[in-house]
Amino acid sequence: MKNFCKKAISTLSATLLFAQPVAAADSYSTNPIVRDIYTADPAPMVVGDTLYVYTSHDEDELIDGFYTMFEWCCYSTKDMVNWTDHGVVFSLEDIEWAEDRAWAPQAVERNGKYYLYCPVHKKNGGMAIAVGVSDSPTGPFVDIGEPLIDEGDWNDIDPTVFIDDDGQAYLYFGNPELRYVLLNEDMVSYDKEVGIVKVPMTEESFGKGGHATGTTYAEGPWFYKRGDLYYMVYAAFAEGAGSEHIAYSTSTSPTGPWEYRGVVMTEEGGTYTNHPGIVDFKDHSYLFYHTAQLPGGGLFNRSVCVAEFEYNEDGSIDPIPKCDGVKAIATFNPFGKIPATTCAYIEGISKQVKEDGGLELVKLSKGDYIRIGNVNFASGADEFTANVASEAGGSIEIRLDSVDGKLVGTLEVPAGNVDAPTYETLSTAISGASGVHDVYFVFTGDSPRNLMKMDWWEFSGPGSSDQTTGTVAAPASKNSVWIVAAAAAAVVAVVAVIAVIFAKKKKKNK
Ligand code: FUB
């Protein structure tokens, strides 16, 4: 009995230590969230425990000094810190009738299918809204073959779609006017009898401002509902302003009338445009936006960022400051194959499409590193495995909490075929990695040439059985903390009762 009690208590401590949703103490993301290419026009979408963000892609080199944009990309996270790059999911090449200008997208799920609404410039002139359809949030998306919205004018950009509680889907769009259609259930056609409705562009609805309608409303609408209130968040121009801020209006009906409510994010950010994408994810509210803050950034070279915010009790939104990043809301499970492109921070490392269509990290050279945030080793990892293609050869140092932090293992990668590197799976022992840490893979080697490429990695060890399956353990939401606390209290109470019974029995036996 005595041993049983000891065992019960030690099992309990282990359970409490590793099963609790370890709060993401100090792990933060880094804005911009995409660091290897320029991205703009973020559009978040939640599917189950995953947040997807669709972006447009600003090319490095501009054609005719204007927006040079050919494709749409997708990124996902389960914890707001580590992002998986899904690459290009839809492009102008997939839309036979499109010429250029792959502008601001938004994705929506309905009945197990995913719809990506995208403005493009048509081959015969004018902007129009295309729709790509896919069975997966990460595509590939297939064009429906013709424009969904095509009024033949320049207003047909920046679609935003919301499906109301009664099943009616609305697609708003437009610059300088806000317009909408009622989408049919198939999500790829709209109610032609109602047609394209022009929203009255009044100061009451959108504030007095500096855009073409005399209001602040410019473009990039983001339409959603929270409680009983409908929100229209959009890029806006104040009178005399040289760049966009983000503003919002609300309504008690999905079709207005809209009431102007004020500024959500002020102008500064180094770029002429801004573009909102708002979402609730795991009990947190986020605003995605873009700035010019990556090196070389500017008017046509933007980068997607995210800020967390809270609504006021009456549903109003105070101005949200631009920020350096957001806090992790879940731990990251490193046990199981993780794509090498999944990370919280990457700098100076390129990605490339592999033969199987996935992405790999390439041109890894001395001093390069990636960070994976809030990694939950739980009771520990004892081995690290990576699928690497060696070029000049080198090593991967596995460090905790900083780029020169505690070294818990080193994977040696022997020199390979520089001209035609082939992938092989290599492993090394790990020691001293338990609990929750930010993990750094630091690439080192003597050669100034490319050391290696990397496809995927994984840890193994006892900690793998201490967490849920998937890449991320349960989020540290307020609710889950309380559920775990209650469960822990119940276990403590049961053990205490057993201990008391045992003590009484012992006394009686004396
Ligand atoms: O990215 C091209 C255009 O710039 C978008 O469609 C607008 O919302 C603005 O961000």
# chains A, B, ... in the order shown; residues from 1 in each chain; ligands from 1

call {"tool": "select_by_dssp", "arguments": {"residues": "region 183-425 of chain A", "states": "strand (DSSP E)", "output": "PyMOL selection string"}}
result
chain A and resi 183+197-198+217-226+229-236+245-251+259-265+277-281+284-291+303-309+338-339+345-346+350-353+359-364+369-376+381-390+394-400+406-413+423-425

call {"tool": "closest_atom_pairs", "arguments": {"of": "chain A", "to": "ligand 1", "cutoff": "9 Å", "atoms": "only C-alpha atoms and all ligand atoms", "output": "Markdown table"}}
result
| residue | atom | partner | partner_atom_place_in_ligand_line | distance |
| --- | --- | --- | --- | --- |
| A:Thr39 | CA | ligand 1 | 1 (O) | 8.9 |
| A:Ala40 | CA | ligand 1 | 1 (O) | 6.0 |
| A:Asp41 | CA | ligand 1 | 10 (O) | 5.4 |
| A:Ser56 | CA | ligand 1 | 1 (O) | 6.6 |
| A:His57 | CA | ligand 1 | 1 (O) | 8.1 |
| A:Asp58 | CA | ligand 1 | 1 (O) | 7.8 |
| A:Tyr67 | CA | ligand 1 | 2 (C) | 6.6 |
| A:Thr68 | CA | ligand 1 | 2 (C) | 8.9 |
| A:Met69 | CA | ligand 1 | 1 (O) | 7.8 |
| A:Arg101 | CA | ligand 1 | 2 (C) | 7.3 |
| A:Ala102 | CA | ligand 1 | 2 (C) | 7.5 |
| A:Trp103 | CA | ligand 1 | 6 (O) | 4.4 |
| A:Ala104 | CA | ligand 1 | 6 (O) | 4.2 |
| A:Pro105 | CA | ligand 1 | 6 (O) | 7.9 |
| A:Cys118 | CA | ligand 1 | 6 (O) | 8.9 |
| A:Pro119 | CA | ligand 1 | 6 (O) | 7.0 |
| A:Val120 | CA | ligand 1 | 6 (O) | 8.9 |
| A:Ile157 | CA | ligand 1 | 6 (O) | 6.0 |
| A:Asp158 | CA | ligand 1 | 6 (O) | 5.2 |
| A:Pro159 | CA | ligand 1 | 6 (O) | 8.8 |
| A:Asn175 | CA | ligand 1 | 8 (O) | 8.5 |
| A:Ala218 | CA | ligand 1 | 8 (O) | 8.6 |
| A:Glu219 | CA | ligand 1 | 8 (O) | 5.6 |
| A:Gly220 | CA | ligand 1 | 8 (O) | 4.3 |
| A:Pro221 | CA | ligand 1 | 8 (O) | 8.1 |
| A:Tyr234 | CA | ligand 1 | 8 (O) | 8.8 |
| A:Ala235 | CA | ligand 1 | 8 (O) | 7.3 |
| A:Tyr272 | CA | ligand 1 | 10 (O) | 8.5 |
| A:Thr273 | CA | ligand 1 | 10 (O) | 5.2 |
| A:Asn274 | CA | ligand 1 | 10 (O) | 5.6 |
| A:His275 | CA | ligand 1 | 10 (O) | 5.3 |
| A:Pro276 | CA | ligand 1 | 8 (O) | 8.6 |
| A:His290 | CA | ligand 1 | 10 (O) | 8.2 |
| A:Phe300 | CA | ligand 1 | 1 (O) | 8.1 |
| A:Arg302 | CA | ligand 1 | 1 (O) | 8.7 |

call {"tool": "write_last_selection", "arguments": {"atoms": "N, CA and C atoms", "output": "mmCIF file, in the first residue's frame"}}
result
data_model
loop_
_atom_site.group_PDB
_atom_site.id
_atom_site.type_symbol
_atom_site.label_atom_id
_atom_site.label_comp_id
_atom_site.auth_asym_id
_atom_site.auth_seq_id
_atom_site.Cartn_x
_atom_site.Cartn_y
_atom_site.Cartn_z
ATOM 1 N N THR A 39 5.161 39.211 -48.911
ATOM 2 C CA THR A 39 3.756 38.794 -48.970
ATOM 3 C C THR A 39 2.871 39.973 -48.592
ATOM 4 N N ALA A 40 1.625 39.943 -49.054
ATOM 5 C CA ALA A 40 0.695 41.039 -48.739
ATOM 6 C C ALA A 40 -0.726 40.493 -48.648
ATOM 7 N N ASP A 41 -1.655 41.358 -48.257
ATOM 8 C CA ASP A 41 -3.096 41.073 -48.296
ATOM 9 C C ASP A 41 -3.482 39.797 -47.542
ATOM 10 N N SER A 56 -1.186 37.261 -50.900
ATOM 11 C CA SER A 56 -0.668 37.503 -52.237
ATOM 12 C C SER A 56 0.855 37.548 -52.120
ATOM 13 N N HIS A 57 1.550 37.604 -53.244
ATOM 14 C CA HIS A 57 3.020 37.532 -53.238
ATOM 15 C C HIS A 57 3.582 38.664 -54.095
ATOM 16 N N ASP A 58 4.268 39.594 -53.441
ATOM 17 C CA ASP A 58 4.951 40.670 -54.164
ATOM 18 C C ASP A 58 6.304 40.150 -54.648
ATOM 19 N N TYR A 67 2.784 46.987 -58.895
ATOM 20 C CA TYR A 67 2.573 45.701 -58.239
ATOM 21 C C TYR A 67 2.869 44.582 -59.224
ATOM 22 N N THR A 68 3.767 43.687 -58.856
ATOM 23 C CA THR A 68 4.115 42.565 -59.722
ATOM 24 C C THR A 68 3.791 41.301 -58.945
ATOM 25 N N MET A 69 2.638 40.717 -59.260
ATOM 26 C CA MET A 69 2.077 39.668 -58.413
ATOM 27 C C MET A 69 1.460 38.581 -59.288
ATOM 28 N N ARG A 101 -1.742 40.717 -62.136
ATOM 29 C CA ARG A 101 -2.324 41.266 -60.903
ATOM 30 C C ARG A 101 -3.068 40.234 -60.052
ATOM 31 N N ALA A 102 -2.319 39.351 -59.487
ATOM 32 C CA ALA A 102 -2.886 38.373 -58.545
ATOM 33 C C ALA A 102 -2.981 39.063 -57.186
ATOM 34 N N TRP A 103 -4.098 39.768 -56.977
ATOM 35 C CA TRP A 103 -4.227 40.636 -55.803
ATOM 36 C C TRP A 103 -4.910 39.947 -54.623
ATOM 37 N N ALA A 104 -5.491 40.738 -53.730
ATOM 38 C CA ALA A 104 -5.895 40.270 -52.392
ATOM 39 C C ALA A 104 -6.955 39.160 -52.381
ATOM 40 N N PRO A 105 -6.605 37.969 -51.842
ATOM 41 C CA PRO A 105 -7.524 36.823 -51.841
ATOM 42 C C PRO A 105 -8.292 36.676 -50.519
ATOM 43 N N CYS A 118 -10.286 35.516 -55.676
ATOM 44 C CA CYS A 118 -9.069 36.264 -56.012
ATOM 45 C C CYS A 118 -9.314 37.305 -57.102
ATOM 46 N N PRO A 119 -8.911 38.554 -56.869
ATOM 47 C CA PRO A 119 -8.982 39.543 -57.953
ATOM 48 C C PRO A 119 -7.830 39.347 -58.935
ATOM 49 N N VAL A 120 -8.137 39.481 -60.220
ATOM 50 C CA VAL A 120 -7.086 39.405 -61.243
ATOM 51 C C VAL A 120 -7.397 40.417 -62.343
ATOM 52 N N ILE A 157 -12.255 44.342 -57.188
ATOM 53 C CA ILE A 157 -11.091 43.783 -56.495
ATOM 54 C C ILE A 157 -11.439 43.513 -55.034
ATOM 55 N N ASP A 158 -10.571 42.796 -54.358
ATOM 56 C CA ASP A 158 -10.582 42.601 -52.913
ATOM 57 C C ASP A 158 -11.876 41.978 -52.385
ATOM 58 N N PRO A 159 -12.153 40.723 -52.783
ATOM 59 C CA PRO A 159 -13.352 40.034 -52.286
ATOM 60 C C PRO A 159 -13.226 39.644 -50.819
ATOM 61 N N ASN A 175 -13.144 48.836 -54.753
ATOM 62 C CA ASN A 175 -12.379 50.071 -54.580
ATOM 63 C C ASN A 175 -12.743 50.964 -55.774
ATOM 64 N N ALA A 218 -11.534 52.767 -48.696
ATOM 65 C CA ALA A 218 -10.709 52.692 -49.901
ATOM 66 C C ALA A 218 -10.822 51.328 -50.573
ATOM 67 N N GLU A 219 -10.506 50.248 -49.830
ATOM 68 C CA GLU A 219 -10.445 48.913 -50.439
ATOM 69 C C GLU A 219 -10.234 47.875 -49.339
ATOM 70 N N GLY A 220 -9.980 46.635 -49.755
ATOM 71 C CA GLY A 220 -9.624 45.580 -48.801
ATOM 72 C C GLY A 220 -10.648 45.322 -47.715
ATOM 73 N N PRO A 221 -11.968 45.229 -48.043
ATOM 74 C CA PRO A 221 -12.937 44.981 -46.977
ATOM 75 C C PRO A 221 -12.747 43.595 -46.354
ATOM 76 N N TYR A 234 -11.721 47.687 -43.088
ATOM 77 C CA TYR A 234 -11.242 47.998 -44.450
ATOM 78 C C TYR A 234 -10.057 48.958 -44.423
ATOM 79 N N ALA A 235 -9.346 48.982 -45.549
ATOM 80 C CA ALA A 235 -8.265 49.953 -45.728
ATOM 81 C C ALA A 235 -8.926 51.300 -46.022
ATOM 82 N N TYR A 272 2.168 52.255 -48.872
ATOM 83 C CA TYR A 272 0.983 53.030 -49.245
ATOM 84 C C TYR A 272 -0.303 52.313 -48.820
ATOM 85 N N THR A 273 -0.294 50.963 -48.962
ATOM 86 C CA THR A 273 -1.511 50.200 -48.651
ATOM 87 C C THR A 273 -1.415 49.544 -47.280
ATOM 88 N N ASN A 274 -2.584 49.124 -46.785
ATOM 89 C CA ASN A 274 -2.636 48.151 -45.703
ATOM 90 C C ASN A 274 -3.822 47.258 -46.026
ATOM 91 N N HIS A 275 -3.954 46.143 -45.354
ATOM 92 C CA HIS A 275 -5.035 45.221 -45.717
ATOM 93 C C HIS A 275 -5.364 44.353 -44.509
ATOM 94 N N PRO A 276 -6.618 44.465 -43.980
ATOM 95 C CA PRO A 276 -6.934 43.723 -42.758
ATOM 96 C C PRO A 276 -7.453 42.304 -43.013
ATOM 97 N N HIS A 290 -0.406 44.250 -43.293
ATOM 98 C CA HIS A 290 0.924 44.216 -43.907
ATOM 99 C C HIS A 290 1.657 45.542 -43.750
ATOM 100 N N PHE A 300 5.713 48.355 -53.051
ATOM 101 C CA PHE A 300 5.312 47.152 -53.789
ATOM 102 C C PHE A 300 5.991 45.887 -53.253
ATOM 103 N N ARG A 302 5.771 44.213 -49.814
ATOM 104 C CA ARG A 302 5.176 44.275 -48.479
ATOM 105 C C ARG A 302 5.376 42.950 -47.732
#

call {"tool": "closest_atom_pairs", "arguments": {"of": "region 254-289 of chain A", "to": "region 313-319 of chain A", "cutoff": "12 Å", "atoms": "only C-alpha atoms", "output": "tab-separated table"}}
result
residue	atom	partner	partner_atom	distance
A:Glu259	CA	A:Ser316	CA	11.8
A:Tyr260	CA	A:Ser316	CA	11.1
A:Arg261	CA	A:Ser316	CA	7.7
A:Gly262	CA	A:Ile317	CA	8.4
A:Val263	CA	A:Pro319	CA	5.8
A:Val264	CA	A:Pro319	CA	4.3
A:Met265	CA	A:Pro319	CA	5.2
A:Thr266	CA	A:Pro319	CA	7.3
A:Glu267	CA	A:Pro319	CA	11.0
A:Ile278	CA	A:Ile317	CA	11.6
A:Ser285	CA	A:Ile317	CA	11.0
A:Tyr286	CA	A:Ile317	CA	11.7
A:Leu287	CA	A:Pro319	CA	10.9

call {"tool": "residues_around", "arguments": {"residues": "Val306 (chain A)", "least_positions_apart": "3", "cutoff": "10 Å", "atoms": "only C-alpha atoms", "output": "ChimeraX atom specification"}}
result
/A:29-33,42,80,276-278,286-290,309,322-326

call {"tool": "residues_around", "arguments": {"residues": "Thr215 (chain A)", "least_positions_apart": "2", "cutoff": "9 Å", "atoms": "only C-alpha atoms", "output": "NGL selection string"}}
result
:A and (201-213 or 217-218 or 236-239)

call {"tool": "closest_residue", "arguments": {"among": "A:Phe441, A:Tyr423, A:Ser402, A:Gly357", "to": "Asn387 (chain A)", "atoms": "only C-alpha atoms"}}
result
A:Tyr423

call {"tool": "closest_residue", "arguments": {"among": "A:Pro254, A:Gly240, A:Gly373, A:Gly65", "to": "Asn301 (chain A)", "atoms": "only C-alpha atoms"}}
result
A:Gly65

call {"tool": "residues_around", "arguments": {"residues": "Lys113 (chain A)", "least_positions_apart": "6", "cutoff": "12 Å", "atoms": "only C-alpha atoms", "output": "count of residues only"}}
result
17

call {"tool": "atom_distance", "arguments": {"atom1": "CA of Asp368 (chain A)", "atom2": "CA of Ser427 (chain A)"}}
result
20.1 Å

call {"tool": "closest_residue", "arguments": {"among": "A:Gly145, A:Pro321, A:Pro462, A:Gly112", "to": "Trp97 (chain A)", "atoms": "only C-alpha atoms"}}
result
A:Gly145

call {"tool": "residues_around", "arguments": {"residues": "Pro414 (chain A)", "least_positions_apart": "5", "cutoff": "9 Å", "atoms": "only C-alpha atoms", "output": "VMD selection string"}}
result
chain A and resid 390 to 395

call {"tool": "residues_around", "arguments": {"residues": "Tyr224 (chain A)", "least_positions_apart": "2", "cutoff": "6 Å", "atoms": "only C-alpha atoms", "output": "short mmCIF file (atom, residue, chain, number, x, y, z; two decimals) with N, CA and C atoms, in the first residue's frame"}}
result
data_model
loop_
_atom_site.label_atom_id
_atom_site.label_comp_id
_atom_site.auth_asym_id
_atom_site.auth_seq_id
_atom_site.Cartn_x
_atom_site.Cartn_y
_atom_site.Cartn_z
N PHE A 162 -18.46 35.95 -46.34
CA PHE A 162 -18.90 35.49 -45.01
C PHE A 162 -20.20 34.72 -45.17
N TYR A 230 -22.45 42.80 -37.13
CA TYR A 230 -21.67 42.58 -38.36
C TYR A 230 -20.58 43.63 -38.43
N TYR A 231 -19.38 43.20 -38.83
CA TYR A 231 -18.23 44.11 -38.91
C TYR A 231 -17.77 44.21 -40.36
#

call {"tool": "closest_residue", "arguments": {"among": "A:Val279, A:Val199, A:Val161, A:Ala420", "to": "Leu51 (chain A)", "atoms": "only C-alpha atoms"}}
result
A:Val279

call {"tool": "closest_residue", "arguments": {"among": "A:Gly214, A:Gly256, A:Gly195, A:Pro147", "to": "Pro176 (chain A)", "atoms": "only C-alpha atoms"}}
result
A:Gly214

call {"tool": "closest_residue", "arguments": {"among": "A:Gly463, A:Gly380, A:Gly126, A:Pro257", "to": "Ala433 (chain A)", "atoms": "only C-alpha atoms"}}
result
A:Gly380
